[in-house]
$ cat run_22.pdb   # PDB, C-alpha atoms
ATOM      1  CA  MET A 221      80.545  39.313  79.774  1.00  0.00           C
ATOM      2  CA  THR A 222      78.452  37.550  77.138  1.00  0.00           C
ATOM      3  CA  SER A 223      80.096  35.624  74.300  1.00  0.00           C
ATOM      4  CA  THR A 224      78.145  35.139  71.064  1.00  0.00           C
ATOM      5  CA  PHE A 225      78.953  32.835  68.157  1.00  0.00           C
ATOM      6  CA  SER A 226      77.384  31.201  65.110  1.00  0.00           C
ATOM      7  CA  ALA A 227      77.560  27.447  64.582  1.00  0.00           C
ATOM      8  CA  THR A 228      75.838  24.586  62.790  1.00  0.00           C
ATOM      9  CA  ILE A 229      73.733  22.178  64.844  1.00  0.00           C
ATOM     10  CA  GLU A 230      75.275  18.716  64.880  1.00  0.00           C
ATOM     11  CA  ARG A 231      74.312  15.428  66.512  1.00  0.00           C
ATOM     12  CA  PHE A 232      76.477  12.763  68.071  1.00  0.00           C
ATOM     13  CA  GLU A 233      76.122   9.611  65.981  1.00  0.00           C
ATOM     14  CA  LYS A 234      75.192   7.207  68.780  1.00  0.00           C
ATOM     15  CA  ASP A 235      71.531   6.268  69.224  1.00  0.00           C
ATOM     16  CA  MET A 236      69.799   9.006  71.176  1.00  0.00           C
ATOM     17  CA  GLY A 237      72.882  11.190  70.612  1.00  0.00           C
ATOM     18  CA  TRP A 238      72.843  14.773  71.836  1.00  0.00           C
ATOM     19  CA  TYR A 239      72.279  17.712  69.547  1.00  0.00           C
ATOM     20  CA  TYR A 240      74.932  20.369  70.017  1.00  0.00           C
ATOM     21  CA  VAL A 241      76.950  23.225  68.603  1.00  0.00           C
ATOM     22  CA  SER A 242      80.731  23.450  68.786  1.00  0.00           C
ATOM     23  CA  VAL A 243      81.991  26.446  70.723  1.00  0.00           C
ATOM     24  CA  PRO A 244      84.903  28.329  69.144  1.00  0.00           C
ATOM     25  CA  THR A 245      88.181  27.620  70.910  1.00  0.00           C
ATOM     26  CA  ASN A 246      88.988  31.321  71.224  1.00  0.00           C
ATOM     27  CA  LEU A 247      85.894  31.728  73.436  1.00  0.00           C
ATOM     28  CA  CYS A 248      86.690  28.735  75.681  1.00  0.00           C
ATOM     29  CA  GLU A 249      90.450  29.028  76.185  1.00  0.00           C
ATOM     30  CA  PRO A 250      90.254  32.149  78.401  1.00  0.00           C
ATOM     31  CA  LEU A 251      87.718  30.331  80.626  1.00  0.00           C
ATOM     32  CA  LEU A 252      89.625  27.089  81.200  1.00  0.00           C
ATOM     33  CA  HIS A 253      90.745  28.253  84.654  1.00  0.00           C
ATOM     34  CA  LEU A 254      87.038  28.127  85.646  1.00  0.00           C
ATOM     35  CA  ALA A 255      86.609  24.525  84.486  1.00  0.00           C
ATOM     36  CA  ASP A 256      85.668  21.782  86.935  1.00  0.00           C
ATOM     37  CA  ARG A 257      86.548  18.366  85.438  1.00  0.00           C
ATOM     38  CA  GLY A 258      86.511  20.067  82.037  1.00  0.00           C
ATOM     39  CA  LEU A 259      83.030  21.582  82.496  1.00  0.00           C
ATOM     40  CA  ILE A 260      82.660  25.353  82.274  1.00  0.00           C
ATOM     41  CA  ALA A 261      79.436  26.500  83.998  1.00  0.00           C
ATOM     42  CA  VAL A 262      77.436  28.937  81.857  1.00  0.00           C
ATOM     43  CA  THR A 263      74.004  30.353  81.220  1.00  0.00           C
ATOM     44  CA  ALA A 264      73.347  29.734  77.529  1.00  0.00           C
ATOM     45  CA  SER A 265      70.887  31.465  75.203  1.00  0.00           C
ATOM     46  CA  VAL A 266      69.488  30.647  71.780  1.00  0.00           C
ATOM     47  CA  GLY A 267      66.659  32.779  70.437  1.00  0.00           C
ATOM     48  CA  GLU A 268      64.255  33.505  73.319  1.00  0.00           C
ATOM     49  CA  SER A 269      65.455  30.521  75.369  1.00  0.00           C
ATOM     50  CA  SER A 270      68.005  30.633  78.200  1.00  0.00           C
ATOM     51  CA  TRP A 271      69.135  27.802  80.472  1.00  0.00           C
ATOM     52  CA  ASP A 272      71.841  26.949  83.002  1.00  0.00           C
ATOM     53  CA  THR A 273      74.257  24.388  81.621  1.00  0.00           C
ATOM     54  CA  SER A 274      77.966  23.824  81.027  1.00  0.00           C
ATOM     55  CA  LEU A 275      80.278  23.945  78.066  1.00  0.00           C
ATOM     56  CA  LEU A 276      81.248  20.295  77.798  1.00  0.00           C
ATOM     57  CA  PRO A 277      84.652  18.991  76.726  1.00  0.00           C
ATOM     58  CA  MET A 278      84.860  17.047  73.471  1.00  0.00           C
ATOM     59  CA  GLY A 279      87.999  15.211  74.551  1.00  0.00           C
ATOM     60  CA  ASP A 280      90.192  16.876  71.952  1.00  0.00           C
ATOM     61  CA  GLY A 281      90.633  20.215  73.731  1.00  0.00           C
ATOM     62  CA  THR A 282      87.472  21.765  72.314  1.00  0.00           C
ATOM     63  CA  HIS A 283      84.060  22.288  73.957  1.00  0.00           C
ATOM     64  CA  PHE A 284      80.449  22.025  72.875  1.00  0.00           C
ATOM     65  CA  LEU A 285      77.076  23.343  73.998  1.00  0.00           C
ATOM     66  CA  ALA A 286      74.337  20.718  74.202  1.00  0.00           C
ATOM     67  CA  LEU A 287      70.904  21.802  72.934  1.00  0.00           C
ATOM     68  CA  PRO A 288      68.135  20.288  75.091  1.00  0.00           C
ATOM     69  CA  ALA A 289      64.959  18.981  73.444  1.00  0.00           C
ATOM     70  CA  LYS A 290      62.816  21.685  75.083  1.00  0.00           C
ATOM     71  CA  VAL A 291      65.023  24.406  73.573  1.00  0.00           C
ATOM     72  CA  ARG A 292      65.104  22.741  70.144  1.00  0.00           C
ATOM     73  CA  SER A 293      61.314  22.430  70.199  1.00  0.00           C
ATOM     74  CA  LYS A 294      60.621  25.970  71.423  1.00  0.00           C
ATOM     75  CA  GLU A 295      63.079  27.525  68.957  1.00  0.00           C
ATOM     76  CA  ASP A 296      62.198  25.128  66.076  1.00  0.00           C
ATOM     77  CA  LEU A 297      65.813  23.965  65.697  1.00  0.00           C
ATOM     78  CA  SER A 298      67.037  20.946  63.783  1.00  0.00           C
ATOM     79  CA  GLN A 299      70.283  19.302  62.743  1.00  0.00           C
ATOM     80  CA  GLY A 300      72.167  21.198  60.042  1.00  0.00           C
ATOM     81  CA  MET A 301      70.737  24.628  60.885  1.00  0.00           C
ATOM     82  CA  GLU A 302      73.152  27.464  61.516  1.00  0.00           C
ATOM     83  CA  ILE A 303      72.229  29.311  64.682  1.00  0.00           C
ATOM     84  CA  GLU A 304      73.501  32.124  66.844  1.00  0.00           C
ATOM     85  CA  ALA A 305      74.143  31.109  70.447  1.00  0.00           C
ATOM     86  CA  SER A 306      75.499  33.017  73.401  1.00  0.00           C
ATOM     87  CA  PHE A 307      76.665  32.272  76.903  1.00  0.00           C
ATOM     88  CA  LYS A 308      77.966  33.938  80.021  1.00  0.00           C
ATOM     89  CA  THR A 309      79.837  32.219  82.812  1.00  0.00           C
ATOM     90  CA  ARG A 310      78.117  31.485  86.107  1.00  0.00           C
ATOM     91  CA  VAL A 311      79.130  30.177  89.493  1.00  0.00           C
ATOM     92  CA  ARG A 312      78.650  26.404  89.662  1.00  0.00           C
ATOM     93  CA  ASN A 313      76.398  25.062  92.394  1.00  0.00           C
ATOM     94  CA  SER A 314      78.274  22.544  94.523  1.00  0.00           C
TER      95      SER A 314
END

$ encode --input "run_22.pdb" --output "structure tokens"
Amino acid sequence: MTSTFSATIERFEKDMGWYYVSVPTNLCEPLLHLADRGLIAVTASVGESSWDTSLLPMGDGTHFLALPAKVRSKEDLSQGMEIEASFKTRVRNS
């Protein structure tokens, strides 16, 4: 099953901080039983781009989806933009 949501692109404040979107809690909570050390393995999509990644824990019970540079470049994404993202769970490679 694919989950789709809209979110604003943010960036962690540290130097070289990741760009990311926060994933709504109601989409993550049902998947927590699949988490390995807090990571939920997914295939994410934004625009025409798809990649294997994980929903990463924020440390406060919420998760985020990191946006790699190659995806940001291909999709012409920048901080502050509202985007539509989607993901579906996948089996993690050990």

$ residues_around --input "run_22.pdb" --residues "Gln299 (chain A)" --least-positions-apart "2" --cutoff "8 Å" --atoms "all atoms listed in the file" --output "list in words"
Thr228, Ile229, Glu230, Arg231, Tyr239, Leu297 and Met301 of chain A

$ residues_around --input "run_22.pdb" --residues "Val291 (chain A)" --least-positions-apart "6" --cutoff "9 Å" --atoms "only C-alpha atoms" --output "short mmCIF file (atom, residue, chain, number, x, y, z; two decimals) with C-alpha atoms, in the frame of the given file"
data_model
loop_
_atom_site.label_atom_id
_atom_site.label_comp_id
_atom_site.auth_asym_id
_atom_site.auth_seq_id
_atom_site.Cartn_x
_atom_site.Cartn_y
_atom_site.Cartn_z
CA VAL A 266 69.49 30.65 71.78
CA SER A 269 65.46 30.52 75.37
CA SER A 270 68.00 30.63 78.20
CA TRP A 271 69.14 27.80 80.47
CA LEU A 297 65.81 23.96 65.70
#

$ closest_residue --input "run_22.pdb" --among "A:Ala305, A:Met236, A:Leu275, A:Leu287" --to "Val262 (chain A)" --atoms "only C-alpha atoms"
A:Leu275

$ resolve_selection --input "run_22.pdb" --expression "the PyMOL selection byres ((chain A and resi 263) around 12)" --output "MDAnalysis selection string"
chainID A and resid 221:224 260:262 264:266 269:275 285:286 305:312

$ resolve_selection --input "run_22.pdb" --expression "the PyMOL selection byres ((chain A and resi 258) around 9)" --output "short mmCIF file (atom, residue, chain, number, x, y, z; two decimals) with C-alpha atoms, in the frame of the given file"
data_model
loop_
_atom_site.label_atom_id
_atom_site.label_comp_id
_atom_site.auth_asym_id
_atom_site.auth_seq_id
_atom_site.Cartn_x
_atom_site.Cartn_y
_atom_site.Cartn_z
CA LEU A 252 89.62 27.09 81.20
CA LEU A 254 87.04 28.13 85.65
CA ALA A 255 86.61 24.52 84.49
CA ASP A 256 85.67 21.78 86.94
CA ARG A 257 86.55 18.37 85.44
CA LEU A 259 83.03 21.58 82.50
CA ILE A 260 82.66 25.35 82.27
CA LEU A 275 80.28 23.94 78.07
CA LEU A 276 81.25 20.30 77.80
CA PRO A 277 84.65 18.99 76.73
CA HIS A 283 84.06 22.29 73.96
#

$ atom_distance --input "run_22.pdb" --atom1 "CA of Pro288 (chain A)" --atom2 "CA of Phe225 (chain A)"
18.0 Å

$ atom_distance --input "run_22.pdb" --atom1 "CA of Thr282 (chain A)" --atom2 "CA of Val241 (chain A)"
11.3 Å

$ atom_distance --input "run_22.pdb" --atom1 "CA of Ser293 (chain A)" --atom2 "CA of Asn246 (chain A)"
29.1 Å

$ closest_residue --input "run_22.pdb" --among "A:Ala289, A:Gly279, A:Ile303, A:Asp296" --to "Gly237 (chain A)" --atoms "only C-alpha atoms"
A:Ala289

$ closest_residue --input "run_22.pdb" --among "A:Ala227, A:Lys294, A:Tyr240, A:Glu302" --to "Glu268 (chain A)" --atoms "only C-alpha atoms"
A:Lys294

$ axis_aligned_box --input "run_22.pdb" --around "region 251-263 of chain A" --padding-each-side "8 Å" --output "lines of an AutoDock Vina configuration file"
center_x = 82.4
center_y = 24.4
center_z = 83.8
size_x = 32.7
size_y = 28.0
size_z = 22.3

$ build_atoms --input "run_22.pdb" --residues "region 232-243 of chain A" --atoms "all heavy atoms" --output "compact mmCIF listing (two decimals), in the coordinates of the input"
# COMPACT_ATOMS: atom_id res chain seq x y z
N PHE A 232 75.59 13.90 67.88
CA PHE A 232 76.48 12.76 68.07
C PHE A 232 75.83 11.55 67.41
O PHE A 232 74.62 11.36 67.48
CB PHE A 232 76.72 12.50 69.56
CG PHE A 232 77.60 13.54 70.20
CD1 PHE A 232 77.10 14.42 71.14
CD2 PHE A 232 78.94 13.65 69.84
CE1 PHE A 232 77.91 15.38 71.72
CE2 PHE A 232 79.76 14.61 70.41
CZ PHE A 232 79.24 15.47 71.36
N GLU A 233 76.64 10.70 66.81
CA GLU A 233 76.12 9.61 65.98
C GLU A 233 75.50 8.46 66.74
O GLU A 233 74.73 7.71 66.17
CB GLU A 233 77.23 9.10 65.06
CG GLU A 233 77.64 10.16 64.05
CD GLU A 233 78.51 9.59 62.95
OE1 GLU A 233 78.56 8.37 62.78
OE2 GLU A 233 79.13 10.39 62.26
N LYS A 234 75.78 8.31 68.03
CA LYS A 234 75.19 7.21 68.78
C LYS A 234 73.67 7.34 68.83
O LYS A 234 73.13 8.44 68.69
CB LYS A 234 75.74 7.22 70.22
CG LYS A 234 77.20 6.88 70.31
CD LYS A 234 77.79 7.03 71.68
CE LYS A 234 76.91 6.65 72.83
NZ LYS A 234 77.55 6.74 74.13
N ASP A 235 72.97 6.22 69.03
CA ASP A 235 71.53 6.27 69.22
C ASP A 235 71.23 7.23 70.36
O ASP A 235 71.89 7.22 71.38
CB ASP A 235 70.96 4.88 69.56
CG ASP A 235 70.94 3.97 68.35
OD1 ASP A 235 70.99 4.47 67.22
OD2 ASP A 235 70.89 2.74 68.56
N MET A 236 70.20 8.02 70.18
CA MET A 236 69.80 9.01 71.18
C MET A 236 70.91 10.02 71.44
O MET A 236 70.98 10.61 72.52
CB MET A 236 69.37 8.33 72.48
CG MET A 236 68.29 7.28 72.32
SD MET A 236 66.72 7.95 71.72
CE MET A 236 66.19 8.82 73.16
N GLY A 237 71.77 10.26 70.45
CA GLY A 237 72.88 11.19 70.61
C GLY A 237 72.41 12.62 70.81
O GLY A 237 71.37 13.02 70.29
N TRP A 238 73.17 13.38 71.56
CA TRP A 238 72.84 14.77 71.84
C TRP A 238 72.98 15.63 70.59
O TRP A 238 73.85 15.42 69.75
CB TRP A 238 73.79 15.33 72.88
CG TRP A 238 73.64 14.79 74.25
CD1 TRP A 238 72.73 13.87 74.69
CD2 TRP A 238 74.44 15.12 75.38
NE1 TRP A 238 72.92 13.63 76.02
CE2 TRP A 238 73.97 14.38 76.47
CE3 TRP A 238 75.52 15.96 75.57
CZ2 TRP A 238 74.53 14.47 77.74
CZ3 TRP A 238 76.08 16.04 76.82
CH2 TRP A 238 75.59 15.31 77.89
N TYR A 239 72.14 16.65 70.53
CA TYR A 239 72.28 17.71 69.55
C TYR A 239 73.13 18.79 70.20
O TYR A 239 72.98 19.06 71.40
CB TYR A 239 70.92 18.29 69.17
CG TYR A 239 70.09 17.33 68.35
CD1 TYR A 239 69.32 16.34 68.97
CD2 TYR A 239 70.05 17.43 66.96
CE1 TYR A 239 68.56 15.46 68.22
CE2 TYR A 239 69.28 16.55 66.20
CZ TYR A 239 68.54 15.58 66.85
OH TYR A 239 67.79 14.71 66.11
N TYR A 240 74.01 19.42 69.43
CA TYR A 240 74.93 20.37 70.02
C TYR A 240 75.49 21.32 68.98
O TYR A 240 75.32 21.11 67.76
CB TYR A 240 76.10 19.62 70.69
CG TYR A 240 77.02 18.94 69.70
CD1 TYR A 240 78.18 19.56 69.25
CD2 TYR A 240 76.72 17.68 69.18
CE1 TYR A 240 79.02 18.95 68.34
CE2 TYR A 240 77.54 17.06 68.27
CZ TYR A 240 78.70 17.70 67.85
OH TYR A 240 79.51 17.09 66.93
N VAL A 241 76.15 22.36 69.45
CA VAL A 241 76.95 23.22 68.60
C VAL A 241 78.35 23.28 69.20
O VAL A 241 78.52 23.26 70.42
CB VAL A 241 76.37 24.65 68.46
CG1 VAL A 241 75.12 24.64 67.59
CG2 VAL A 241 76.09 25.29 69.80
N SER A 242 79.34 23.31 68.34
CA SER A 242 80.73 23.45 68.79
C SER A 242 80.98 24.91 69.15
O SER A 242 80.55 25.82 68.44
CB SER A 242 81.69 23.03 67.67
OG SER A 242 81.54 21.66 67.41
N VAL A 243 81.67 25.10 70.26
CA VAL A 243 81.99 26.45 70.72
C VAL A 243 83.40 26.79 70.24
O VAL A 243 84.32 25.99 70.41
CB VAL A 243 81.91 26.53 72.26
CG1 VAL A 243 82.24 27.94 72.74
CG2 VAL A 243 80.52 26.11 72.75
